[in-house]
>>> print(open('final-v3.pdb').read())   # PDB, C-alpha atoms
ATOM      1  CA  MET A   1       0.000   0.000   0.000
ATOM      2  CA  ASN A   2       3.039   2.347   0.308
ATOM      3  CA  ILE A   3       3.321   2.433  -3.481
ATOM      4  CA  VAL A   4      -0.337   3.408  -3.817
ATOM      5  CA  SER A   5      -0.091   6.213  -1.268
ATOM      6  CA  GLU A   6       3.003   7.655  -2.967
ATOM      7  CA  ILE A   7       1.302   7.677  -6.374
ATOM      8  CA  LEU A   8      -1.800   9.391  -4.967
ATOM      9  CA  LYS A   9       0.343  11.974  -3.186
ATOM     10  CA  LYS A  10       2.268  12.799  -6.359
ATOM     11  CA  SER A  11      -0.945  13.106  -8.364
ATOM     12  CA  ALA A  12      -2.411  15.476  -5.755
ATOM     13  CA  GLU A  13       0.692  17.719  -5.793
ATOM     14  CA  ASN A  14       0.423  18.247  -9.544
ATOM     15  CA  ASP A  15      -1.688  21.353 -10.287
ATOM     16  CA  LYS A  16      -2.721  20.202 -13.750
ATOM     17  CA  ILE A  17      -4.444  17.076 -12.394
ATOM     18  CA  LYS A  18      -7.700  17.499 -10.517
ATOM     19  CA  GLU A  19      -8.212  16.235  -6.987
ATOM     20  CA  ILE A  20      -8.971  12.578  -6.477
ATOM     21  CA  THR A  21     -11.697  13.302  -3.922
ATOM     22  CA  VAL A  22     -15.152  13.740  -5.415
ATOM     23  CA  GLN A  23     -18.134  15.001  -3.407
ATOM     24  CA  LYS A  24     -21.528  13.440  -4.152
ATOM     25  CA  ASP A  25     -24.853  13.987  -2.414
ATOM     26  CA  ILE A  26     -25.750  10.344  -2.905
ATOM     27  CA  GLU A  27     -22.947   7.796  -2.902
ATOM     28  CA  LEU A  28     -22.495   5.810  -6.098
ATOM     29  CA  ASP A  29     -23.355   2.133  -6.217
ATOM     30  CA  ILE A  30     -20.037   0.726  -7.471
ATOM     31  CA  ASP A  31     -19.434  -2.884  -8.515
ATOM     32  CA  VAL A  32     -15.658  -3.237  -8.850
ATOM     33  CA  GLY A  33     -15.946  -6.748 -10.329
ATOM     34  CA  THR A  34     -17.621  -5.421 -13.489
ATOM     35  CA  LEU A  35     -16.188  -1.848 -13.216
ATOM     36  CA  LEU A  36     -19.732  -0.505 -13.096
ATOM     37  CA  ALA A  37     -20.870   2.639 -11.246
ATOM     38  CA  SER A  38     -24.571   3.596 -10.893
ATOM     39  CA  ASP A  39     -25.118   7.330 -10.267
ATOM     40  CA  TYR A  40     -28.520   8.174  -8.716
ATOM     41  CA  ASN A  41     -27.867  11.907  -8.196
ATOM     42  CA  VAL A  42     -30.144  14.544  -9.723
ATOM     43  CA  ILE A  43     -28.947  16.182 -12.948
ATOM     44  CA  ASP A  44     -28.364  19.945 -12.828
ATOM     45  CA  ASN A  45     -30.622  21.093 -15.658
ATOM     46  CA  LYS A  46     -29.222  24.645 -15.702
ATOM     47  CA  SER A  47     -25.609  23.510 -16.222
ATOM     48  CA  PHE A  48     -26.667  20.776 -18.642
ATOM     49  CA  SER A  49     -28.637  23.178 -20.870
ATOM     50  CA  SER A  50     -25.863  25.838 -20.892
ATOM     51  CA  ASN A  51     -23.051  23.477 -21.993
ATOM     52  CA  GLN A  52     -23.957  19.842 -22.516
ATOM     53  CA  GLU A  53     -20.545  18.530 -23.593
ATOM     54  CA  GLU A  54     -18.660  20.115 -20.710
ATOM     55  CA  TYR A  55     -21.216  18.940 -18.162
ATOM     56  CA  LEU A  56     -21.163  15.326 -19.414
ATOM     57  CA  LYS A  57     -17.360  15.333 -19.569
ATOM     58  CA  ASN A  58     -17.020  16.506 -15.949
ATOM     59  CA  LEU A  59     -19.670  14.074 -14.743
ATOM     60  CA  THR A  60     -17.963  11.152 -16.474
ATOM     61  CA  ARG A  61     -14.565  12.173 -15.106
ATOM     62  CA  ASP A  62     -15.851  12.298 -11.511
ATOM     63  CA  ASN A  63     -17.568   8.907 -11.713
ATOM     64  CA  VAL A  64     -14.516   7.264 -13.301
ATOM     65  CA  GLN A  65     -12.352   8.782 -10.558
ATOM     66  CA  LEU A  66     -14.539   7.151  -7.926
ATOM     67  CA  ILE A  67     -14.178   3.758  -9.661
ATOM     68  CA  VAL A  68     -10.376   4.204  -9.800
ATOM     69  CA  ASN A  69     -10.312   5.061  -6.104
ATOM     70  CA  LYS A  70     -12.132   1.807  -5.344
ATOM     71  CA  ILE A  71      -9.637  -0.131  -7.471
ATOM     72  CA  TRP A  72      -6.677   1.382  -5.551
ATOM     73  CA  GLU A  73      -8.243   0.149  -2.318
ATOM     74  CA  LEU A  74      -7.817  -3.457  -3.486
ATOM     75  CA  PRO A  75      -4.617  -5.437  -2.800
ATOM     76  CA  THR A  76      -2.071  -4.809  -5.565
ATOM     77  CA  GLU A  77       1.146  -6.384  -6.789
ATOM     78  CA  ARG A  78       3.881  -5.519  -9.255
ATOM     79  CA  VAL A  79       4.115  -7.648 -12.427
ATOM     80  CA  GLU A  80       6.812  -6.724 -14.968
ATOM     81  CA  GLU A  81       7.076  -3.064 -13.921
ATOM     82  CA  ALA A  82       3.289  -2.680 -13.780
ATOM     83  CA  ILE A  83       0.970  -2.465 -10.767
ATOM     84  CA  VAL A  84      -1.886  -5.000 -11.046
ATOM     85  CA  ALA A  85      -4.993  -5.248  -8.849
ATOM     86  CA  LYS A  86      -7.044  -8.431  -8.678
ATOM     87  CA  LEU A  87     -10.751  -7.669  -9.101
ATOM     88  CA  PRO A  88     -13.265  -9.439  -6.845
ATOM     89  CA  ASN A  89     -16.238 -11.446  -8.064
ATOM     90  CA  PRO A  90     -18.966  -9.255  -9.611
ATOM     91  CA  THR A  91     -22.172  -8.634  -7.679
ATOM     92  CA  PHE A  92     -24.198  -7.035 -10.474
ATOM     93  CA  VAL A  93     -25.775  -9.495 -12.928
ATOM     94  CA  LEU A  94     -25.452  -8.197 -16.474
ATOM     95  CA  PRO A  95     -28.364  -9.119 -18.771
ATOM     96  CA  ARG A  96     -27.493 -11.392 -21.689
ATOM     97  CA  ALA A  97     -29.485 -12.174 -24.819
ATOM     98  CA  ARG A  98     -28.018 -15.688 -24.965
ATOM     99  CA  LYS A  99     -26.462 -18.192 -22.611
ATOM    100  CA  VAL A 100     -22.832 -17.935 -21.611
ATOM    101  CA  PRO A 101     -20.848 -20.065 -24.101
ATOM    102  CA  LYS A 102     -19.476 -23.240 -22.590
ATOM    103  CA  PRO A 103     -15.742 -23.949 -22.917
ATOM    104  CA  LYS A 104     -14.834 -26.157 -25.851
ATOM    105  CA  PRO A 105     -14.122 -29.734 -24.692
ATOM    106  CA  LEU A 106     -10.573 -30.996 -25.096
ATOM    107  CA  THR A 107      -9.721 -33.617 -27.685
ATOM    108  CA  LYS A 108      -7.873 -36.831 -26.872
ATOM    109  CA  TRP A 109      -4.544 -35.362 -27.910
ATOM    110  CA  GLU A 110      -5.121 -32.141 -25.933
ATOM    111  CA  GLU A 111      -5.985 -34.159 -22.823
ATOM    112  CA  PHE A 112      -2.852 -36.305 -23.279
ATOM    113  CA  ALA A 113      -0.665 -33.233 -23.874
ATOM    114  CA  LYS A 114      -2.079 -31.503 -20.797
ATOM    115  CA  LYS A 115      -1.492 -34.598 -18.687
ATOM    116  CA  LYS A 116       2.099 -35.058 -19.893
ATOM    117  CA  GLY A 117       2.914 -31.354 -19.917
ATOM    118  CA  ILE A 118       3.499 -31.119 -23.671
ATOM    119  CA  THR A 119       3.344 -27.549 -24.937
ATOM    120  CA  LYS A 120       2.867 -26.432 -28.511
ATOM    121  CA  LYS A 121       5.968 -24.877 -29.993
ATOM    122  CA  LYS A 122       5.514 -21.677 -31.926
ATOM    123  CA  LYS A 123       6.746 -21.646 -35.490
ATOM    124  CA  GLY A 124       9.369 -19.145 -36.576
ATOM    125  CA  THR A 125       8.579 -15.984 -38.425
ATOM    126  CA  SER A 126       9.865 -17.461 -41.696
ATOM    127  CA  LYS A 127       8.429 -20.614 -43.255
ATOM    128  CA  LEU A 128      11.483 -21.225 -45.469
ATOM    129  CA  LYS A 129      13.776 -24.143 -44.644
ATOM    130  CA  TRP A 130      17.086 -25.153 -46.176
ATOM    131  CA  ASP A 131      16.816 -28.347 -48.233
ATOM    132  CA  GLU A 132      20.041 -30.352 -48.488
ATOM    133  CA  VAL A 133      18.890 -32.257 -51.601
ATOM    134  CA  LEU A 134      17.866 -29.234 -53.674
ATOM    135  CA  GLN A 135      20.490 -26.949 -52.085
ATOM    136  CA  LYS A 136      18.089 -24.032 -51.767
ATOM    137  CA  TRP A 137      15.499 -22.531 -49.440
ATOM    138  CA  VAL A 138      12.176 -24.369 -49.716
ATOM    139  CA  PRO A 139       8.859 -23.447 -48.014
ATOM    140  CA  GLY A 140       7.932 -25.902 -45.285
ATOM    141  CA  TYR A 141       4.224 -25.540 -46.101
ATOM    142  CA  GLY A 142       1.907 -23.651 -48.403
ATOM    143  CA  PHE A 143       2.755 -22.238 -51.811
ATOM    144  CA  LYS A 144       5.442 -24.020 -53.945
ATOM    145  CA  ARG A 145       5.762 -26.862 -51.420
ATOM    146  CA  ALA A 146       4.361 -29.516 -53.820
ATOM    147  CA  GLU A 147       6.595 -28.323 -56.645
ATOM    148  CA  ALA A 148       9.681 -28.738 -54.463
ATOM    149  CA  GLU A 149       8.641 -32.297 -53.537
ATOM    150  CA  LYS A 150       8.318 -33.188 -57.245
ATOM    151  CA  GLN A 151      11.810 -31.889 -57.925
ATOM    152  CA  LYS A 152      13.215 -34.089 -55.146
ATOM    153  CA  ASP A 153      11.492 -37.303 -56.348
ATOM    154  CA  TRP A 154      12.616 -37.234 -59.977
ATOM    155  CA  LEU A 155      14.213 -40.711 -59.909
ATOM    156  CA  VAL A 156      12.160 -43.967 -59.935
ATOM    157  CA  GLU A 157      13.762 -47.170 -58.677
ATOM    158  CA  LEU A 158      13.454 -50.253 -60.910
ATOM    159  CA  ALA A 159      13.153 -53.882 -59.842
ATOM    160  CA  ASP A 160      15.561 -56.664 -60.845
ATOM    161  CA  ASP A 161      13.327 -57.806 -63.719
ATOM    162  CA  GLY A 162      13.283 -54.329 -65.245
ATOM    163  CA  THR A 163       9.633 -53.488 -64.452
ATOM    164  CA  PRO A 164       9.029 -50.190 -62.652
ATOM    165  CA  LYS A 165       7.775 -50.322 -59.097
ATOM    166  CA  GLU A 166       4.828 -48.440 -57.689
ATOM    167  CA  ASP A 167       4.528 -44.836 -58.806
ATOM    168  CA  PRO A 168       5.974 -42.761 -55.931
ATOM    169  CA  PHE A 169       3.712 -39.807 -56.703
ATOM    170  CA  GLN A 170       0.611 -42.001 -56.618
ATOM    171  CA  ALA A 171       1.833 -43.661 -53.412
ATOM    172  CA  LYS A 172       2.276 -40.256 -51.742
ATOM    173  CA  THR A 173      -1.142 -39.124 -52.905
ATOM    174  CA  THR A 174      -2.752 -42.294 -51.542
ATOM    175  CA  ALA A 175      -0.943 -41.948 -48.210
ATOM    176  CA  LYS A 176      -2.048 -38.308 -47.952
ATOM    177  CA  GLN A 177      -5.674 -39.233 -48.636
ATOM    178  CA  GLU A 178      -5.510 -41.949 -45.964
ATOM    179  CA  ARG A 179      -4.123 -39.463 -43.429
ATOM    180  CA  GLN A 180      -6.878 -36.967 -44.268
ATOM    181  CA  ALA A 181      -9.556 -39.651 -43.863
ATOM    182  CA  LYS A 182      -8.052 -40.746 -40.539
ATOM    183  CA  ASN A 183      -7.963 -37.157 -39.266
ATOM    184  CA  GLU A 184     -11.580 -36.587 -40.340
ATOM    185  CA  LEU A 185     -12.668 -39.772 -38.547
ATOM    186  CA  GLN A 186     -10.864 -38.677 -35.402
ATOM    187  CA  ARG A 187     -12.474 -35.228 -35.618
ATOM    188  CA  LEU A 188     -15.946 -36.768 -35.820
ATOM    189  CA  ARG A 189     -15.140 -39.019 -32.873
ATOM    190  CA  ASN A 190     -14.086 -36.018 -30.808
ATOM    191  CA  ILE A 191     -17.391 -34.275 -31.618
ATOM    192  CA  ALA A 192     -19.356 -37.404 -30.668
ATOM    193  CA  LYS A 193     -17.392 -37.712 -27.431
ATOM    194  CA  ALA A 194     -18.118 -34.074 -26.535
ATOM    195  CA  LYS A 195     -21.858 -34.629 -27.096
ATOM    196  CA  ASN A 196     -21.955 -38.022 -25.317
ATOM    197  CA  VAL A 197     -22.908 -39.928 -28.459
ATOM    198  CA  LYS A 198     -21.843 -43.560 -28.775
ATOM    199  CA  VAL A 199     -19.954 -44.298 -31.988
ATOM    200  CA  PRO A 200     -19.833 -47.906 -33.285
ATOM    201  CA  ARG A 201     -16.412 -49.464 -33.430
ATOM    202  CA  VAL A 202     -14.778 -50.698 -36.614
ATOM    203  CA  GLY A 203     -16.092 -54.161 -37.500
ATOM    204  CA  LEU A 204     -19.149 -55.914 -36.117
ATOM    205  CA  PRO A 205     -21.504 -53.893 -33.891
ATOM    206  CA  SER A 206     -21.224 -54.464 -30.183
ATOM    207  CA  SER A 207     -23.916 -55.343 -27.667
ATOM    208  CA  ASP A 208     -24.381 -51.636 -26.871
ATOM    209  CA  HIS A 209     -26.272 -51.128 -30.138
ATOM    210  CA  PHE A 210     -28.278 -54.391 -30.081
ATOM    211  CA  LYS A 211     -29.270 -55.105 -26.506
ATOM    212  CA  SER A 212     -31.472 -58.086 -27.341
ATOM    213  CA  SER A 213     -31.593 -60.880 -29.894
ATOM    214  CA  ARG A 214     -34.921 -59.566 -31.184
ATOM    215  CA  GLN A 215     -33.364 -56.243 -32.208
ATOM    216  CA  LEU A 216     -30.512 -58.077 -33.925
ATOM    217  CA  ALA A 217     -32.965 -60.304 -35.835
ATOM    218  CA  THR A 218     -34.953 -57.232 -36.910
ATOM    219  CA  ALA A 219     -31.783 -55.515 -38.181
ATOM    220  CA  VAL A 220     -30.724 -58.620 -40.137
ATOM    221  CA  THR A 221     -34.169 -59.026 -41.725
ATOM    222  CA  VAL A 222     -34.420 -55.369 -42.738
ATOM    223  CA  ALA A 223     -30.912 -55.486 -44.255
ATOM    224  CA  ARG A 224     -31.738 -58.643 -46.226
ATOM    225  CA  VAL A 225     -35.023 -57.363 -47.709
ATOM    226  CA  SER A 226     -33.583 -53.939 -48.599
ATOM    227  CA  THR A 227     -32.444 -55.134 -52.040
ATOM    228  CA  ALA A 228     -34.321 -54.661 -55.296
ATOM    229  CA  SER A 229     -35.581 -58.250 -55.185
ATOM    230  CA  VAL A 230     -36.796 -57.837 -51.570
ATOM    231  CA  GLY A 231     -34.323 -60.495 -50.401
ATOM    232  CA  LYS A 232     -35.417 -63.169 -52.882
ATOM    233  CA  PHE A 233     -31.882 -63.929 -54.114
ATOM    234  CA  GLN A 234     -30.085 -63.260 -50.826
ATOM    235  CA  ASP A 235     -28.486 -66.180 -49.020
ATOM    236  CA  ARG A 236     -29.714 -66.958 -45.535
ATOM    237  CA  LEU A 237     -27.669 -67.887 -42.535
ATOM    238  CA  PRO A 238     -28.169 -71.368 -41.106
ATOM    239  CA  LYS A 239     -31.345 -71.488 -38.973
ATOM    240  CA  GLU A 240     -32.138 -67.885 -39.870
ATOM    241  CA  LYS A 241     -35.773 -66.833 -39.550
ATOM    242  CA  ASP A 242     -37.566 -63.626 -40.390
ATOM    243  CA  ALA A 243     -38.207 -61.218 -37.555
ATOM    244  CA  LYS A 244     -41.722 -61.060 -36.234
ATOM    245  CA  ASP A 245     -44.165 -58.139 -36.396
ATOM    246  CA  ILE A 246     -42.297 -56.217 -39.143
ATOM    247  CA  ALA A 247     -43.997 -57.585 -42.267
ATOM    248  CA  SER A 248     -46.499 -54.713 -42.230
ATOM    249  CA  GLN A 249     -43.686 -52.146 -42.051
ATOM    250  CA  VAL A 250     -41.474 -53.625 -44.791
ATOM    251  CA  PRO A 251     -43.043 -53.316 -48.282
ATOM    252  CA  GLY A 252     -42.902 -56.409 -50.480
ATOM    253  CA  MET A 253     -42.285 -58.819 -47.635
ATOM    254  CA  LYS A 254     -44.516 -61.907 -47.547
ATOM    255  CA  ARG A 255     -47.149 -61.777 -44.893
ATOM    256  CA  LYS A 256     -48.719 -64.698 -43.159
ATOM    257  CA  ARG A 257     -52.230 -65.309 -44.464
ATOM    258  CA  GLU A 258     -54.885 -65.015 -41.810
ATOM    259  CA  ALA A 259     -57.085 -67.990 -41.111
ATOM    260  CA  PRO A 260     -60.723 -67.726 -42.275
ATOM    261  CA  PRO A 261     -63.276 -66.679 -39.649
ATOM    262  CA  LYS A 262     -64.658 -69.521 -37.591
ATOM    263  CA  ASN A 263     -68.189 -68.129 -37.252
ATOM    264  CA  ALA A 264     -70.375 -65.184 -38.209
ATOM    265  CA  LEU A 265     -69.513 -63.188 -35.084
ATOM    266  CA  GLU A 266     -65.777 -63.266 -35.835
ATOM    267  CA  GLU A 267     -66.386 -62.239 -39.445
ATOM    268  CA  LYS A 268     -68.581 -59.359 -38.310
ATOM    269  CA  LYS A 269     -65.890 -58.225 -35.869
ATOM    270  CA  ARG A 270     -63.237 -58.217 -38.626
ATOM    271  CA  ASN A 271     -65.430 -56.171 -40.917
ATOM    272  CA  VAL A 272     -66.132 -53.679 -38.147
ATOM    273  CA  ASP A 273     -62.398 -53.326 -37.420
ATOM    274  CA  VAL A 274     -61.658 -52.653 -41.107
ATOM    275  CA  LEU A 275     -64.422 -50.051 -41.255
ATOM    276  CA  ASN A 276     -63.208 -48.331 -38.080
ATOM    277  CA  GLY A 277     -59.675 -48.230 -39.469
ATOM    278  CA  ILE A 278     -60.890 -46.508 -42.630
ATOM    279  CA  LEU A 279     -62.991 -43.983 -40.739
ATOM    280  CA  LYS A 280     -60.233 -43.165 -38.253
ATOM    281  CA  SER A 281     -57.598 -42.664 -40.953
ATOM    282  CA  ARG A 282     -56.520 -39.153 -41.682
ATOM    283  CA  ASN A 283     -56.920 -39.442 -45.445
ATOM    284  CA  LYS A 284     -60.319 -38.311 -46.663
ATOM    285  CA  ILE A 285     -62.053 -40.462 -49.225
ATOM    286  CA  LEU A 286     -64.041 -37.555 -50.654
ATOM    287  CA  LYS A 287     -62.377 -34.162 -50.608
ATOM    288  CA  ASP A 288     -64.444 -31.089 -49.879
ATOM    289  CA  ASP A 289     -62.855 -29.024 -52.621
ATOM    290  CA  ILE A 290     -63.983 -31.390 -55.405
ATOM    291  CA  GLY A 291     -67.461 -30.498 -56.651
ATOM    292  CA  VAL A 292     -69.954 -33.315 -57.182
ATOM    293  CA  PRO A 293     -71.697 -33.053 -60.601
ATOM    294  CA  SER A 294     -75.449 -32.485 -60.469
ATOM    295  CA  THR A 295     -77.781 -35.258 -61.663
ATOM    296  CA  SER A 296     -80.655 -32.988 -62.587
ATOM    297  CA  THR A 297     -82.286 -33.816 -65.923
ATOM    298  CA  SER A 298     -84.066 -30.496 -66.321
ATOM    299  CA  VAL A 299     -83.076 -28.493 -69.411
ATOM    300  CA  PRO A 300     -82.944 -24.694 -69.212
ATOM    301  CA  ARG A 301     -85.536 -22.707 -71.109
ATOM    302  CA  GLU A 302     -82.940 -21.049 -73.313
ATOM    303  CA  ARG A 303     -81.671 -24.426 -74.563
ATOM    304  CA  GLU A 304     -85.260 -25.562 -75.218
ATOM    305  CA  GLY A 305     -85.882 -22.459 -77.310
ATOM    306  CA  ARG A 306     -82.648 -23.014 -79.242
ATOM    307  CA  LYS A 307     -83.560 -26.628 -79.967
ATOM    308  CA  LYS A 308     -86.956 -25.630 -81.324
ATOM    309  CA  LYS A 309     -85.411 -22.976 -83.542
ATOM    310  CA  ALA A 310     -82.731 -25.332 -84.849
ATOM    311  CA  GLY A 311     -85.274 -27.986 -85.931
ATOM    312  CA  LYS A 312     -87.609 -28.043 -88.942
ATOM    313  CA  PRO A 313     -90.124 -25.208 -89.211
ATOM    314  CA  GLY A 314     -93.654 -26.004 -88.174
ATOM    315  CA  LYS A 315     -96.815 -25.644 -90.193
ATOM    316  CA  GLY A 316     -97.382 -22.009 -89.280
ATOM    317  CA  ALA A 317     -93.755 -20.924 -89.779
ATOM    318  CA  LYS A 318     -92.814 -18.612 -92.646
ATOM    319  CA  LYS A 319     -90.369 -19.573 -95.360
ATOM    320  CA  PRO A 320     -87.006 -17.843 -94.937
ATOM    321  CA  LYS A 321     -86.148 -15.149 -97.435
ATOM    322  CA  ALA A 322     -83.369 -15.474 -99.972
ATOM    323  CA  GLY A 323     -80.058 -13.701 -99.716
ATOM    324  CA  LYS A 324     -80.654 -11.634-102.845
ATOM    325  CA  GLY A 325     -77.297 -12.456-104.405
ATOM    326  CA  LYS A 326     -75.205 -11.454-101.371
ATOM    327  CA  ARG A 327     -73.253 -14.663-100.885
ATOM    328  CA  ASP A 328     -70.018 -14.975 -98.956
ATOM    329  CA  PRO A 329     -67.514 -16.914-101.099
ATOM    330  CA  HIS A 330     -65.599 -18.108 -98.001
ATOM    331  CA  THR A 331     -68.531 -19.979 -96.523
ATOM    332  CA  LYS A 332     -69.384 -23.476 -97.678
ATOM    333  CA  VAL A 333     -72.380 -23.517-100.009
ATOM    334  CA  GLY A 334     -74.805 -26.406 -99.778
ATOM    335  CA  GLY A 335     -76.870 -27.924-102.550
ATOM    336  CA  ARG A 336     -76.300 -30.221-105.461
ATOM    337  CA  LYS A 337     -72.771 -30.447-106.858
ATOM    338  CA  ARG A 338     -72.533 -29.273-110.454
ATOM    339  CA  ARG A 339     -70.662 -31.248-113.112
TER     340      ARG A 339
END
>>> encode(input="final-v3.pdb", output="structure tokens")
Amino acid sequence: MNIVSEILKKSAENDKIKEITVQKDIELDIDVGTLLASDYNVIDNKSFSSNQEEYLKNLTRDNVQLIVNKIWELPTERVEEAIVAKLPNPTFVLPRARKVPKPKPLTKWEEFAKKKGITKKKKGTSKLKWDEVLQKWVPGYGFKRAEAEKQKDWLVELADDGTPKEDPFQAKTTAKQERQAKNELQRLRNIAKAKNVKVPRVGLPSSDHFKSSRQLATAVTVARVSTASVGKFQDRLPKEKDAKDIASQVPGMKRKREAPPKNALEEKKRNVDVLNGILKSRNKILKDDIGVPSTSTSVPREREGRKKKAGKPGKGAKKPKAGKGKRDPHTKVGGRKRR
């Protein structure tokens, strides 16, 4: 605390710096853990209206000074020529729109490295490395790395019979793809481990996935009938039988034919069950939006009048007048065909 008192004394002796003591009618509610100060004092409207910027600047300076005074009251220590104060736990709960993010779970390698005390070494500023084969500086990763590897592997070793061995470029590409697939599999396993999801091991499934023989039989039956021929040409294991109660769920699978009803009561009960199943189903047999055509045989009066006019004239009807030579050449003319 001697260091703190000396700093405050020096700051008070300087005329350019204002005093560290601030007078307030109502003490501020200060939470040092979050560096938050709540000022409940009344605003001076006269000073605020005369010069807003100066008033807000002075008010902010005084409140910040009170927070700094509270920080200097905490126990301090010197770390690399700097005075550091450890803040206490906050008492004010800040509102959040979302939950506090949880720390990312460690992978298997990170847990092993933490347990053994292995630290990650930082790479140098330059990514160039001296290659003894090429006798020049080559990038360790990134751009022009693949080109440098091709220049190194320009010679292919031959066997005793004169036939070339495996292509080294293809072998490197295959090995790289295998490493990428292995890393991707390990990444997915780490995600499943963080979310407590069981991942099946390589090979046959364990008893954790099939807890009973019935589930295993169901899985085998579904896998066998999932072919285009619904399992007709698939070989069966010795003493293998189809799983029960899944024929209705698997399309194309043979179902056991029901025995005929023994009496009239049983037949009536079956028919009632079928009818109830149809009525309780969600699919409607007749949709409301489809109009049903009318079966009325009545003919409107307009059509009756048209039919009478289109027929032969009656006894009292007048003979239609001729066109008086005004004939349309485009229309088809009836009558006898001239030779």
>>> atom_distance(input="final-v3.pdb", atom1="atom CA of Val222 of chain A", atom2="atom CA of Glu258 of chain A")
22.6 Å
>>> atom_distance(input="final-v3.pdb", atom1="atom CA of Lys108 of chain A", atom2="atom CA of Glu178 of chain A")
19.9 Å
>>> resolve_selection(input="final-v3.pdb", expression="the PyMOL selection byres ((chain A and resi 103-106) around 10)", output="NGL selection string")
:A and (100-102 or 107-112 or 114 or 190-191 or 193-195)
>>> resolve_selection(input="final-v3.pdb", expression="the PyMOL selection byres ((chain A and resi 25) around 12)", output="PyMOL selection string")
chain A and resi 22-24+26-28+39-43
>>> write_last_selection(input="final-v3.pdb", atoms="C-alpha atoms", output="PDB file, in the frame of the given file")
ATOM      1  CA  VAL A  22     -15.152  13.740  -5.415  1.00  0.00           C
ATOM      2  CA  GLN A  23     -18.134  15.001  -3.407  1.00  0.00           C
ATOM      3  CA  LYS A  24     -21.528  13.440  -4.152  1.00  0.00           C
ATOM      4  CA  ILE A  26     -25.750  10.344  -2.905  1.00  0.00           C
ATOM      5  CA  GLU A  27     -22.947   7.796  -2.902  1.00  0.00           C
ATOM      6  CA  LEU A  28     -22.495   5.810  -6.098  1.00  0.00           C
ATOM      7  CA  ASP A  39     -25.118   7.330 -10.267  1.00  0.00           C
ATOM      8  CA  TYR A  40     -28.520   8.174  -8.716  1.00  0.00           C
ATOM      9  CA  ASN A  41     -27.867  11.907  -8.196  1.00  0.00           C
ATOM     10  CA  VAL A  42     -30.144  14.544  -9.723  1.00  0.00           C
ATOM     11  CA  ILE A  43     -28.947  16.182 -12.948  1.00  0.00           C
TER      12      ILE A  43
END
>>> residues_near_point(input="final-v3.pdb", point="(-27.9, -63.5, -49.0)", cutoff="12 Å", atoms="only C-alpha atoms", output="VMD selection string")
chain A and resid 220 to 221 223 to 227 229 to 238 240
>>> closest_residue(input="final-v3.pdb", among="A:Leu128, A:Ala113, A:Val79, A:Leu188", to="Tyr141 of chain A", atoms="only C-alpha atoms")
A:Leu128
>>> atom_distance(input="final-v3.pdb", atom1="atom CA of Glu132 of chain A", atom2="atom CA of Gln151 of chain A")
12.6 Å
>>> axis_aligned_box(input="final-v3.pdb", around="segment 218-236 of chain A", padding_each_side="5 Å", output="JSON")
{"center_x": -32.6, "center_y": -60.4, "center_z": -46.1, "size_x": 18.3, "size_y": 23.0, "size_z": 28.4}
>>> resolve_selection(input="final-v3.pdb", expression="the PyMOL selection byres ((chain A and resi 30) around 12)", output="ChimeraX atom specification")
/A:27-29,31-40,63-71,90-92
>>> write_last_selection(input="final-v3.pdb", atoms="C-alpha atoms", output="PDB file, in the coordinates of the input")
ATOM      1  CA  GLU A  27     -22.947   7.796  -2.902  1.00  0.00           C
ATOM      2  CA  LEU A  28     -22.495   5.810  -6.098  1.00  0.00           C
ATOM      3  CA  ASP A  29     -23.355   2.133  -6.217  1.00  0.00           C
ATOM      4  CA  ASP A  31     -19.434  -2.884  -8.515  1.00  0.00           C
ATOM      5  CA  VAL A  32     -15.658  -3.237  -8.850  1.00  0.00           C
ATOM      6  CA  GLY A  33     -15.946  -6.748 -10.329  1.00  0.00           C
ATOM      7  CA  THR A  34     -17.621  -5.421 -13.489  1.00  0.00           C
ATOM      8  CA  LEU A  35     -16.188  -1.848 -13.216  1.00  0.00           C
ATOM      9  CA  LEU A  36     -19.732  -0.505 -13.096  1.00  0.00           C
ATOM     10  CA  ALA A  37     -20.870   2.639 -11.246  1.00  0.00           C
ATOM     11  CA  SER A  38     -24.571   3.596 -10.893  1.00  0.00           C
ATOM     12  CA  ASP A  39     -25.118   7.330 -10.267  1.00  0.00           C
ATOM     13  CA  TYR A  40     -28.520   8.174  -8.716  1.00  0.00           C
ATOM     14  CA  ASN A  63     -17.568   8.907 -11.713  1.00  0.00           C
ATOM     15  CA  VAL A  64     -14.516   7.264 -13.301  1.00  0.00           C
ATOM     16  CA  GLN A  65     -12.352   8.782 -10.558  1.00  0.00           C
ATOM     17  CA  LEU A  66     -14.539   7.151  -7.926  1.00  0.00           C
ATOM     18  CA  ILE A  67     -14.178   3.758  -9.661  1.00  0.00           C
ATOM     19  CA  VAL A  68     -10.376   4.204  -9.800  1.00  0.00           C
ATOM     20  CA  ASN A  69     -10.312   5.061  -6.104  1.00  0.00           C
ATOM     21  CA  LYS A  70     -12.132   1.807  -5.344  1.00  0.00           C
ATOM     22  CA  ILE A  71      -9.637  -0.131  -7.471  1.00  0.00           C
ATOM     23  CA  PRO A  90     -18.966  -9.255  -9.611  1.00  0.00           C
ATOM     24  CA  THR A  91     -22.172  -8.634  -7.679  1.00  0.00           C
ATOM     25  CA  PHE A  92     -24.198  -7.035 -10.474  1.00  0.00           C
TER      26      PHE A  92
END
>>> closest_residue(input="final-v3.pdb", among="A:Leu87, A:Ala82, A:Ala148, A:Ile278", to="Lys129 of chain A", atoms="only C-alpha atoms")
A:Ala148
